[in-house]
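Here is start37.cif, consisting of mmCIF, C-alpha atoms:
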```cif
data_model
loop_
_atom_site.label_atom_id
_atom_site.label_comp_id
_atom_site.auth_asym_id
_atom_site.auth_seq_id
_atom_site.Cartn_x
_atom_site.Cartn_y
_atom_site.Cartn_z
CA MET Z 1 38.20 -30.72 -0.53
CA ALA Z 2 36.88 -30.88 -4.12
CA ARG Z 3 39.40 -31.93 -6.74
CA LYS Z 4 40.51 -29.15 -9.09
CA TYR Z 5 40.82 -30.42 -12.63
CA THR Z 6 42.92 -28.80 -15.32
CA LYS Z 7 41.34 -28.20 -18.72
CA GLU Z 8 43.58 -30.91 -20.16
CA GLU Z 9 42.30 -33.44 -17.61
CA LEU Z 10 38.69 -32.55 -18.36
CA ILE Z 11 39.32 -32.91 -22.10
CA GLU Z 12 40.81 -36.36 -21.50
CA MET Z 13 37.74 -37.34 -19.47
CA LEU Z 14 35.43 -36.29 -22.29
CA LYS Z 15 37.47 -38.15 -24.89
CA SER Z 16 37.60 -41.26 -22.73
CA ARG Z 17 33.83 -41.14 -22.16
CA ALA Z 18 33.19 -40.63 -25.87
CA GLU Z 19 35.35 -43.66 -26.63
CA GLU Z 20 33.35 -45.75 -24.16
CA LEU Z 21 30.00 -44.65 -25.59
CA GLY Z 22 30.98 -44.54 -29.24
CA ARG Z 23 29.59 -40.99 -29.46
CA SER Z 24 29.79 -37.59 -27.80
CA PRO Z 25 28.63 -37.92 -24.19
CA LYS Z 26 25.64 -36.04 -22.81
CA GLN Z 27 25.92 -33.86 -19.69
CA LYS Z 28 24.23 -36.41 -17.46
CA GLU Z 29 26.73 -39.05 -18.59
CA VAL Z 30 29.75 -37.15 -17.29
CA LYS Z 31 30.19 -36.92 -13.53
CA GLN Z 32 32.29 -33.75 -13.75
CA PHE Z 33 29.89 -31.90 -16.08
CA GLN Z 34 29.51 -28.94 -13.69
CA THR Z 35 33.28 -28.43 -13.57
CA ILE Z 36 33.37 -28.66 -17.37
CA VAL Z 37 30.66 -26.01 -17.67
CA LYS Z 38 32.55 -23.73 -15.27
CA ARG Z 39 35.92 -24.17 -16.99
CA PHE Z 40 34.74 -23.95 -20.61
CA GLY Z 41 31.62 -21.80 -20.33
CA SER Z 42 29.27 -24.58 -21.41
CA PHE Z 43 29.28 -28.35 -21.78
CA ASN Z 44 29.19 -28.09 -25.57
CA LYS Z 45 32.24 -25.82 -25.56
CA GLY Z 46 34.00 -28.49 -23.52
CA LEU Z 47 33.09 -31.07 -26.16
CA GLU Z 48 34.40 -28.77 -28.90
CA ALA Z 49 37.67 -28.30 -27.00
CA ALA Z 50 37.94 -32.10 -26.88
CA GLY Z 51 37.38 -32.29 -30.63
CA LEU Z 52 33.94 -33.88 -30.18
CA THR Z 53 30.63 -33.03 -31.81
CA PRO Z 54 28.45 -30.90 -29.51
CA ASN Z 55 25.06 -32.27 -28.51
CA LYS Z 56 22.45 -30.12 -30.16
CA LYS Z 57 18.84 -30.32 -29.19
CA ARG Z 58 16.95 -31.17 -32.27
CA ARG Z 59 13.35 -30.22 -32.55
CA LYS Z 60 11.14 -32.18 -34.84
CA LYS Z 61 10.70 -30.23 -38.05
CA TYR Z 62 7.22 -30.75 -39.39
CA THR Z 63 6.29 -30.36 -43.01
CA GLU Z 64 3.09 -28.54 -43.91
CA ALA Z 65 1.52 -31.85 -44.86
CA GLU Z 66 2.39 -33.34 -41.45
CA LEU Z 67 0.86 -30.39 -39.58
CA ILE Z 68 -2.30 -30.63 -41.65
CA GLU Z 69 -2.48 -34.34 -40.92
CA ILE Z 70 -2.09 -33.66 -37.17
CA LEU Z 71 -5.01 -31.23 -37.26
CA GLN Z 72 -7.22 -33.50 -39.32
CA GLN Z 73 -6.49 -36.52 -37.14
CA ARG Z 74 -7.30 -34.56 -33.98
CA ALA Z 75 -10.52 -33.26 -35.53
CA GLU Z 76 -11.51 -36.83 -36.37
CA GLU Z 77 -10.88 -37.88 -32.75
CA LEU Z 78 -12.90 -34.98 -31.31
CA GLY Z 79 -15.64 -34.87 -33.93
CA ARG Z 80 -15.01 -31.14 -34.39
CA SER Z 81 -12.28 -28.61 -35.10
CA PRO Z 82 -9.71 -28.78 -32.31
CA LYS Z 83 -8.86 -25.90 -29.99
CA LYS Z 84 -5.29 -24.64 -29.57
CA ARG Z 85 -4.86 -26.28 -26.19
CA GLU Z 86 -5.88 -29.62 -27.68
CA ILE Z 87 -2.96 -29.70 -30.11
CA LYS Z 88 0.52 -30.32 -28.75
CA GLN Z 89 2.14 -28.72 -31.81
CA PHE Z 90 -0.09 -25.62 -31.81
CA GLN Z 91 2.88 -23.22 -31.58
CA THR Z 92 4.54 -24.86 -34.58
CA ILE Z 93 1.23 -24.55 -36.45
CA VAL Z 94 0.98 -20.85 -35.56
CA ASN Z 95 4.59 -20.26 -36.64
CA HIS Z 96 4.06 -22.11 -39.91
CA PHE Z 97 0.65 -20.78 -40.98
CA GLY Z 98 0.63 -17.39 -39.25
CA THR Z 99 -2.33 -18.20 -36.99
CA PHE Z 100 -3.94 -21.33 -35.63
CA ASN Z 101 -7.14 -20.60 -37.55
CA LYS Z 102 -5.21 -20.39 -40.81
CA GLY Z 103 -3.79 -23.81 -40.00
CA LEU Z 104 -7.32 -25.12 -39.51
CA GLU Z 105 -8.38 -23.60 -42.84
CA ALA Z 106 -5.39 -25.20 -44.58
CA ALA Z 107 -6.53 -28.53 -43.11
CA GLY Z 108 -10.03 -27.98 -44.50
CA LEU Z 109 -11.47 -27.46 -41.02
CA THR Z 110 -13.78 -24.74 -39.75
CA PRO Z 111 -11.87 -22.15 -37.71
CA ARG Z 112 -13.13 -21.60 -34.19
CA ARG Z 113 -14.19 -17.99 -33.88
CA ARG Z 114 -15.68 -16.11 -30.98
CA ARG Z 115 -19.28 -15.30 -31.59
CA ASP Z 116 -20.20 -11.62 -31.71
CA TYR Z 117 -23.60 -11.37 -30.07
CA THR Z 118 -26.05 -8.56 -30.69
CA LYS Z 119 -27.70 -6.89 -27.70
CA GLU Z 120 -31.00 -8.45 -28.72
CA GLU Z 121 -29.47 -11.95 -28.69
CA LEU Z 122 -27.98 -11.39 -25.25
CA ILE Z 123 -31.31 -10.16 -23.90
CA GLU Z 124 -33.00 -13.27 -25.28
CA MET Z 125 -30.37 -15.44 -23.60
CA LEU Z 126 -31.00 -13.75 -20.26
CA LYS Z 127 -34.75 -14.18 -20.61
CA ALA Z 128 -34.36 -17.84 -21.59
CA LYS Z 129 -32.09 -18.46 -18.60
CA ALA Z 130 -34.57 -16.71 -16.31
CA ASN Z 131 -37.39 -18.93 -17.63
CA GLU Z 132 -35.23 -22.00 -17.07
CA LEU Z 133 -34.38 -21.02 -13.48
CA GLY Z 134 -37.68 -19.43 -12.54
CA ARG Z 135 -35.80 -16.29 -11.44
CA SER Z 136 -33.25 -13.76 -12.64
CA PRO Z 137 -29.96 -15.49 -13.37
CA LYS Z 138 -26.77 -14.68 -11.49
CA ARG Z 139 -23.54 -13.76 -13.26
CA ARG Z 140 -21.98 -17.17 -12.67
CA GLU Z 141 -25.00 -18.87 -14.25
CA VAL Z 142 -24.64 -17.16 -17.61
CA LYS Z 143 -21.93 -18.35 -19.97
CA GLN Z 144 -21.87 -15.12 -21.98
CA VAL Z 145 -21.35 -12.84 -18.97
CA GLY Z 146 -18.28 -11.25 -20.58
CA ALA Z 147 -20.17 -10.29 -23.73
CA ILE Z 148 -23.10 -9.03 -21.63
CA THR Z 149 -20.90 -6.79 -19.48
CA LYS Z 150 -19.09 -5.50 -22.56
CA ASN Z 151 -22.33 -4.65 -24.37
CA PHE Z 152 -24.36 -3.22 -21.49
CA GLY Z 153 -21.72 -1.86 -19.12
CA SER Z 154 -22.74 -4.15 -16.29
CA PHE Z 155 -24.65 -7.37 -15.72
CA ASN Z 156 -27.35 -5.58 -13.75
CA LYS Z 157 -27.96 -3.10 -16.56
CA ALA Z 158 -28.48 -6.00 -18.94
CA LEU Z 159 -30.98 -7.55 -16.53
CA GLU Z 160 -32.83 -4.22 -16.39
CA VAL Z 161 -32.98 -4.01 -20.19
CA ALA Z 162 -34.28 -7.58 -20.27
CA GLY Z 163 -36.99 -6.59 -17.80
CA LEU Z 164 -35.58 -8.87 -15.11
CA LYS Z 165 -34.96 -8.28 -11.44
CA THR Z 166 -31.42 -7.08 -10.80
CA GLU Z 167 -29.01 -8.67 -8.36
CA GLU Z 168 -29.36 -6.86 -5.06
CA ARG Z 169 -26.49 -6.64 -2.65
CA LYS Z 170 -27.31 -6.76 1.01
CA VAL Z 171 -27.03 -3.33 2.62
CA TYR Z 172 -25.92 -3.78 6.22
CA THR Z 173 -26.71 -1.41 9.05
CA ASN Z 174 -24.13 -0.37 11.62
CA GLU Z 175 -25.74 -2.68 14.18
CA GLU Z 176 -25.78 -5.68 11.81
CA LEU Z 177 -22.07 -5.37 11.08
CA ILE Z 178 -21.26 -5.06 14.77
CA GLU Z 179 -23.39 -8.14 15.45
CA ILE Z 180 -21.53 -10.08 12.72
CA LEU Z 181 -18.18 -9.23 14.33
CA GLN Z 182 -19.34 -10.06 17.84
CA LYS Z 183 -20.86 -13.35 16.72
CA LYS Z 184 -17.65 -14.34 14.93
CA ALA Z 185 -15.57 -13.40 17.98
CA GLN Z 186 -17.83 -15.56 20.14
CA GLU Z 187 -17.40 -18.49 17.73
CA ILE Z 188 -13.60 -18.40 17.64
CA GLY Z 189 -12.94 -17.06 21.14
CA ARG Z 190 -11.04 -13.95 20.01
CA ALA Z 191 -11.30 -10.88 17.81
CA PRO Z 192 -11.56 -12.11 14.21
CA LYS Z 193 -9.10 -11.24 11.48
CA ALA Z 194 -10.35 -9.59 8.29
CA GLU Z 195 -9.97 -12.77 6.24
CA GLU Z 196 -12.17 -14.64 8.73
CA VAL Z 197 -15.17 -12.40 8.16
CA LYS Z 198 -17.06 -12.69 4.88
CA GLN Z 199 -18.20 -9.06 5.04
CA TRP Z 200 -14.74 -7.66 5.87
CA ASN Z 201 -14.74 -5.32 2.88
CA THR Z 202 -18.15 -3.88 3.79
CA ILE Z 203 -16.95 -3.44 7.38
CA SER Z 204 -13.78 -1.65 6.23
CA LYS Z 205 -15.76 0.69 3.99
CA HIS Z 206 -18.43 1.32 6.61
CA PHE Z 207 -16.15 2.04 9.58
CA GLY Z 208 -13.06 3.32 7.76
CA SER Z 209 -10.99 0.22 8.53
CA PHE Z 210 -11.56 -3.32 9.76
CA ASN Z 211 -9.92 -2.49 13.09
CA LYS Z 212 -12.26 0.46 13.59
CA GLY Z 213 -15.11 -1.97 13.05
CA LEU Z 214 -13.68 -4.21 15.76
CA ILE Z 215 -13.42 -1.24 18.12
CA ALA Z 216 -17.04 -0.31 17.38
CA ALA Z 217 -17.98 -3.88 18.28
CA GLY Z 218 -16.10 -3.60 21.57
CA LEU Z 219 -13.36 -5.97 20.42
CA THR Z 220 -9.58 -5.61 20.58
CA PRO Z 221 -8.17 -4.69 17.16
CA ASN Z 222 -5.70 -7.02 15.50
CA ILE Z 223 -2.64 -4.83 15.31
CA GLU Z 224 -0.05 -7.54 14.93
CA HIS Z 225 -1.09 -9.02 11.62
CA SER Z 226 1.04 -8.23 8.60
CA ARG Z 227 0.09 -5.32 6.41
CA THR Z 228 0.30 -4.66 2.72
CA ARG Z 229 1.21 -1.37 1.09
CA THR Z 230 -2.50 -0.73 0.56
CA ASN Z 231 -3.26 -1.31 4.25
CA PRO Z 232 -0.37 0.28 6.22
CA TYR Z 233 -0.06 0.69 9.97
CA THR Z 234 -1.07 4.02 11.46
CA LYS Z 235 1.35 5.70 13.86
CA GLN Z 236 -1.08 5.02 16.68
CA GLU Z 237 -1.12 1.30 15.90
CA LEU Z 238 2.69 1.18 15.86
CA ILE Z 239 2.80 2.98 19.21
CA GLU Z 240 0.38 0.40 20.62
CA ILE Z 241 2.56 -2.42 19.26
CA LEU Z 242 5.62 -0.99 21.03
CA GLN Z 243 3.76 -0.42 24.28
CA LYS Z 244 2.27 -3.91 24.20
CA LYS Z 245 5.69 -5.46 23.54
CA ALA Z 246 7.22 -3.50 26.40
CA GLU Z 247 4.44 -4.71 28.69
CA GLU Z 248 5.00 -8.33 27.58
CA ILE Z 249 8.75 -8.39 28.21
CA GLY Z 250 8.84 -5.96 31.14
CA ARG Z 251 11.29 -3.55 29.49
CA VAL Z 252 11.83 -1.38 26.43
CA PRO Z 253 11.98 -3.69 23.41
CA LYS Z 254 14.98 -3.89 21.11
CA GLN Z 255 14.58 -3.59 17.35
CA LYS Z 256 15.09 -7.30 16.73
CA GLU Z 257 12.24 -8.06 19.13
CA VAL Z 258 9.66 -6.09 17.17
CA GLU Z 259 8.37 -7.59 13.94
CA GLN Z 260 7.27 -4.22 12.56
CA ARG Z 261 10.64 -2.51 13.21
CA SER Z 262 11.10 -1.59 9.55
CA THR Z 263 7.69 0.11 9.39
CA ILE Z 264 8.42 1.90 12.67
CA ARG Z 265 11.69 3.27 11.28
CA LYS Z 266 9.93 4.46 8.13
CA ARG Z 267 7.03 6.10 9.96
CA PHE Z 268 8.99 7.77 12.78
CA GLY Z 269 12.41 8.28 11.17
CA SER Z 270 14.14 5.84 13.50
CA PHE Z 271 13.27 3.03 15.90
CA ASN Z 272 14.24 5.17 18.88
CA LYS Z 273 11.93 7.97 17.78
CA GLY Z 274 9.18 5.38 17.65
CA LEU Z 275 10.01 4.38 21.22
CA GLU Z 276 9.91 8.04 22.28
CA ALA Z 277 6.51 8.49 20.63
CA ALA Z 278 5.31 5.47 22.62
CA GLY Z 279 6.54 7.08 25.84
CA LEU Z 280 9.40 4.60 26.18
CA THR Z 281 13.06 5.39 26.85
CA PRO Z 282 15.17 4.66 23.77
CA ASN Z 283 17.82 2.02 24.32
CA ASN Z 284 20.83 4.24 23.61
CA LYS Z 285 19.55 6.95 25.96
CA ARG Z 286 19.18 4.39 28.71
CA LYS Z 287 22.82 3.42 28.23
CA ASN Z 288 23.86 7.07 28.29
CA LYS Z 289 21.89 7.66 31.51
CA SER Z 290 23.59 4.67 33.11
CA LEU Z 291 26.97 5.98 32.00
CA ASN Z 292 26.28 9.48 33.34
CA LEU Z 293 25.13 8.03 36.65
CA LYS Z 294 28.36 6.06 36.98
CA LEU Z 295 30.40 9.17 36.22
CA GLU Z 296 28.48 11.18 38.80
CA MET Z 297 29.14 8.49 41.40
CA GLY Z 298 32.83 8.58 40.56
CA GLU Z 299 32.94 4.99 39.36
CA LYS Z 300 35.85 4.00 37.21
CA ILE Z 301 34.81 3.20 33.67
CA VAL Z 302 36.80 0.31 32.28
#
```

Reformat the file's structure so that it appears as C-alpha cells.
Amino acid sequence: MARKYTKEELIEMLKSRAEELGRSPKQKEVKQFQTIVKRFGSFNKGLEAAGLTPNKKRRKKYTEAELIEILQQRAEELGRSPKKREIKQFQTIVNHFGTFNKGLEAAGLTPRRRRDYTKEELIEMLKAKANELGRSPKRREVKQVGAITKNFGSFNKALEVAGLKTEERKVYTNEELIEILQKKAQEIGRAPKAEEVKQWNTISKHFGSFNKGLIAAGLTPNIEHSRTRTNPYTKQELIEILQKKAEEIGRVPKQKEVEQRSTIRKRFGSFNKGLEAAGLTPNNKRKNKSLNLKLEMGEKIV
C-alpha cells in the first residue's frame, strides 16, 4: 500500500532536498513529486509552502538587435532571405516585429512574398511546360497549380485557354467495371474490398454502391466491413449479417456476438426487432416460449 504523507512531511522532504542541492529542487529531483502536486495543487505551490523559491521556466528574452542578428546570420548561411520554418525563433520575431516580413525588413533583408501571377503569365508557364514535356502537363507537374486553379476555375480550363489538350479521365463502361472487379477477385481469391480497387469511386457512382457493383459482377458483397457515417449499412445488409451469423453459429445470435449490434439497434429500434426482421426468433421470446411450455407441462419452476 502506498505511503500517505502529511503536508508537513512533504514540506520537510522539500527542505531537506533543497539543503542537499543548495537550491530549490526540480520536480524530477524529488521522488514524491506526484504526491506533492496532489497535496498542494502544483509542485511550485509545494515549494512555496516549504518557503523555497519556485522553479520558473525562463524563456530567453531576445533584444531587437539579437533578433536582427539571428535573421542576418541565417540569411548569410542560406545565401537568401530565410523562410519562417528556417528560423527557430520565428514566433518571437513575429511577436516582436508584428510579422515575420517586418522582421526581415528590419534586418535589411528582402521579405519573401507570394508572387501574384497574371493570367497571361500562367498561360505562358503552361505552354513552356508543355514544350519541355512534349505534351500537356499534368497538375502535379506544374508548381503554380494553385494559382492556375484560382485564376481559371480549374486546371483543365487553363489548359484550354493555353490551347493545350486537357486531361481526360477514363470513362468506363458497365462491362469494363465488372471486368475490373472480376479480375481483382481472381487475383486475391475473394470479393475485393473498396480500398483494394483503384476505381472504387467510379464503381460506387456507376452502380449506386460498391457492393452493388460486386453483385453486378456476380461476386458476394462485403457486408462485414466497417462503415462510416457517409456509407451506412442498409436494413437489407444488416438482415443478411444477422442471418449469416445465425447460420455460422447454428442458432440465433446474441447482441455481443454481432459486431454491428449498435447499428442494428439504431436502424430497427432494438436488436430483437432486427432479429425479427431477419426472420429469427428474438432471444427473450425464445425464453418466454420455453417458460410457457414448462408451465403447460406442469413443471415446477424453481

Check the smallest atom-to-atom distance from each of Z:Val171, Z:Pro232, Z:Val94, Z:Lys7 to Thr202 in chain Z using all atoms listed in the file, then report the winner.
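Of Z:Val171, Z:Pro232, Z:Val94, Z:Lys7, the one nearest Thr202 in chain Z, counting all atoms listed in the file, is Z:Val171.
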
Residue neighbourhood range 62-70 of chain Z, 7 Å, all atoms listed in the file, exclusion window fewer than 5 positions, as a list of chain:residue names
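Final neighbour list, sorted by chain and number: Z:Ile93, Z:Ala106, Z:Ala107.
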
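Across the model, the gap from CA of Leu219 in chain Z to CA of Arg265 in chain Z is 28.2 Å.
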
Could you pull the residues within 12 Å of Gln144 in chain Z, counting all atoms listed in the file, minus those fewer than 6 positions along the same chain, as a list in words?
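Skipping anything fewer than 6 positions along the chain leaves Arg114, Arg115, Asp116, Tyr117, Thr118, Lys119, Glu121, Leu122, Ile123, Glu124, Met125, Leu126, Lys129, Pro137, Lys138, Lys150, Asn151, Phe155 and Ala158 of chain Z.
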
Print the selection's residues with C-alpha atoms to a file, as a PDB file, keeping the file's coordinate frame.
```pdb
ATOM      1  CA  ARG Z 114     -15.680 -16.110 -30.980  1.00  0.00           C
ATOM      2  CA  ARG Z 115     -19.280 -15.300 -31.590  1.00  0.00           C
ATOM      3  CA  ASP Z 116     -20.200 -11.620 -31.710  1.00  0.00           C
ATOM      4  CA  TYR Z 117     -23.600 -11.370 -30.070  1.00  0.00           C
ATOM      5  CA  THR Z 118     -26.050  -8.560 -30.690  1.00  0.00           C
ATOM      6  CA  LYS Z 119     -27.700  -6.890 -27.700  1.00  0.00           C
ATOM      7  CA  GLU Z 121     -29.470 -11.950 -28.690  1.00  0.00           C
ATOM      8  CA  LEU Z 122     -27.980 -11.390 -25.250  1.00  0.00           C
ATOM      9  CA  ILE Z 123     -31.310 -10.160 -23.900  1.00  0.00           C
ATOM     10  CA  GLU Z 124     -33.000 -13.270 -25.280  1.00  0.00           C
ATOM     11  CA  MET Z 125     -30.370 -15.440 -23.600  1.00  0.00           C
ATOM     12  CA  LEU Z 126     -31.000 -13.750 -20.260  1.00  0.00           C
ATOM     13  CA  LYS Z 129     -32.090 -18.460 -18.600  1.00  0.00           C
ATOM     14  CA  PRO Z 137     -29.960 -15.490 -13.370  1.00  0.00           C
ATOM     15  CA  LYS Z 138     -26.770 -14.680 -11.490  1.00  0.00           C
ATOM     16  CA  LYS Z 150     -19.090  -5.500 -22.560  1.00  0.00           C
ATOM     17  CA  ASN Z 151     -22.330  -4.650 -24.370  1.00  0.00           C
ATOM     18  CA  PHE Z 155     -24.650  -7.370 -15.720  1.00  0.00           C
ATOM     19  CA  ALA Z 158     -28.480  -6.000 -18.940  1.00  0.00           C
TER      20      ALA Z 158
END
```

Distance criterion (only C-alpha atoms): nearest to Gly218 in chain Z out of Z:Ile178, Z:Ala162, Z:Ile249, Z:Ile241:
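For Gly218 in chain Z, the nearest of the given residues is Z:Ile178.
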
So that I can check the surroundings of range 208-214 of chain Z, please list as an mmCIF file with C-alpha atoms, keeping the file's coordinate frame every protein, DNA and RNA residue that reaches within 9 Å of it, counting only C-alpha atoms and ignoring chain neighbours fewer than 2 positions away.
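Resulting contents of around-v6.cif:
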```cif
data_model
loop_
_atom_site.group_PDB
_atom_site.id
_atom_site.type_symbol
_atom_site.label_atom_id
_atom_site.label_comp_id
_atom_site.auth_asym_id
_atom_site.auth_seq_id
_atom_site.Cartn_x
_atom_site.Cartn_y
_atom_site.Cartn_z
ATOM 1 C CA LEU Z 177 -22.070 -5.370 11.080
ATOM 2 C CA ILE Z 178 -21.260 -5.060 14.770
ATOM 3 C CA LEU Z 181 -18.180 -9.230 14.330
ATOM 4 C CA GLN Z 182 -19.340 -10.060 17.840
ATOM 5 C CA ALA Z 191 -11.300 -10.880 17.810
ATOM 6 C CA PRO Z 192 -11.560 -12.110 14.210
ATOM 7 C CA LYS Z 193 -9.100 -11.240 11.480
ATOM 8 C CA ALA Z 194 -10.350 -9.590 8.290
ATOM 9 C CA TRP Z 200 -14.740 -7.660 5.870
ATOM 10 C CA ASN Z 201 -14.740 -5.320 2.880
ATOM 11 C CA THR Z 202 -18.150 -3.880 3.790
ATOM 12 C CA ILE Z 203 -16.950 -3.440 7.380
ATOM 13 C CA SER Z 204 -13.780 -1.650 6.230
ATOM 14 C CA LYS Z 205 -15.760 0.690 3.990
ATOM 15 C CA HIS Z 206 -18.430 1.320 6.610
ATOM 16 C CA ALA Z 216 -17.040 -0.310 17.380
ATOM 17 C CA ALA Z 217 -17.980 -3.880 18.280
ATOM 18 C CA GLY Z 218 -16.100 -3.600 21.570
ATOM 19 C CA LEU Z 219 -13.360 -5.970 20.420
ATOM 20 C CA THR Z 220 -9.580 -5.610 20.580
ATOM 21 C CA PRO Z 221 -8.170 -4.690 17.160
ATOM 22 C CA ASN Z 222 -5.700 -7.020 15.500
ATOM 23 C CA ILE Z 223 -2.640 -4.830 15.310
ATOM 24 C CA ASN Z 231 -3.260 -1.310 4.250
#
```

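Distances from Z:Leu14, Z:Val161, Z:Val145, Z:Ala185 to Val30 in chain Z were compared using all atoms listed in the file, and the smallest one belongs to Z:Leu14.
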
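With CA of Pro54 in chain Z on one side and CA of Thr6 in chain Z on the other, the separation reads 20.4 Å.
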
Written as a PyMOL selection string, which residues does the PyMOL selection byres ((chain Z and resi 84) around 10) give for the file shown?
chain Z and resi 81-83+85-91+93-94+100-101+112

Counting all atoms listed in the file, what is within 8 Å of range 31-40 of chain Z, bar same-chain residues fewer than 3 positions away, as a tab-separated table (two decimals) with C-alpha atoms, keeping the file's coordinate frame?
```
chain	number	residue	atom	x	y	z
Z	5	TYR	CA	40.82	-30.42	-12.63
Z	7	LYS	CA	41.34	-28.20	-18.72
Z	10	LEU	CA	38.69	-32.55	-18.36
Z	27	GLN	CA	25.92	-33.86	-19.69
Z	28	LYS	CA	24.23	-36.41	-17.46
Z	43	PHE	CA	29.28	-28.35	-21.78
Z	45	LYS	CA	32.24	-25.82	-25.56
Z	46	GLY	CA	34.00	-28.49	-23.52
```

State, in Å with one decimal place, the distance from CA of Lys102 in chain Z to CA of Ile148 in chain Z.
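Rounded to one decimal, the two atoms are 28.6 Å apart.
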
Once 3 Å is added on each side, what are the centre and the three edge lengths, in Å to one decimal, of the axis-aligned box enclosing the listed atoms of range 161-166 of chain Z? Present them as lines of an AutoDock Vina configuration file.
```
center_x = -34.2
center_y = -6.4
center_z = -15.5
size_x = 11.6
size_y = 10.9
size_z = 15.5
```

Go through the shown structure with the PyMOL selection byres ((chain Z and resi 253) around 10) and write out the matching residues as a list in words.
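In the shown coordinates, the PyMOL selection byres ((chain Z and resi 253) around 10) covers Leu242, Gln243, Lys244, Lys245, Ala246, Glu247, Glu248, Ile249, Gly250, Arg251, Val252, Lys254, Gln255, Lys256, Glu257, Val258, Leu275, Leu280, Thr281, Pro282 and Asn283 of chain Z.
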
Give the answer as one residue: which of Z:Arg80, Z:Phe97, Z:Ala50, Z:Lys143 has the shortest atom-to-atom distance to Glu12 in chain Z, using all atoms listed in the file?
Z:Ala50
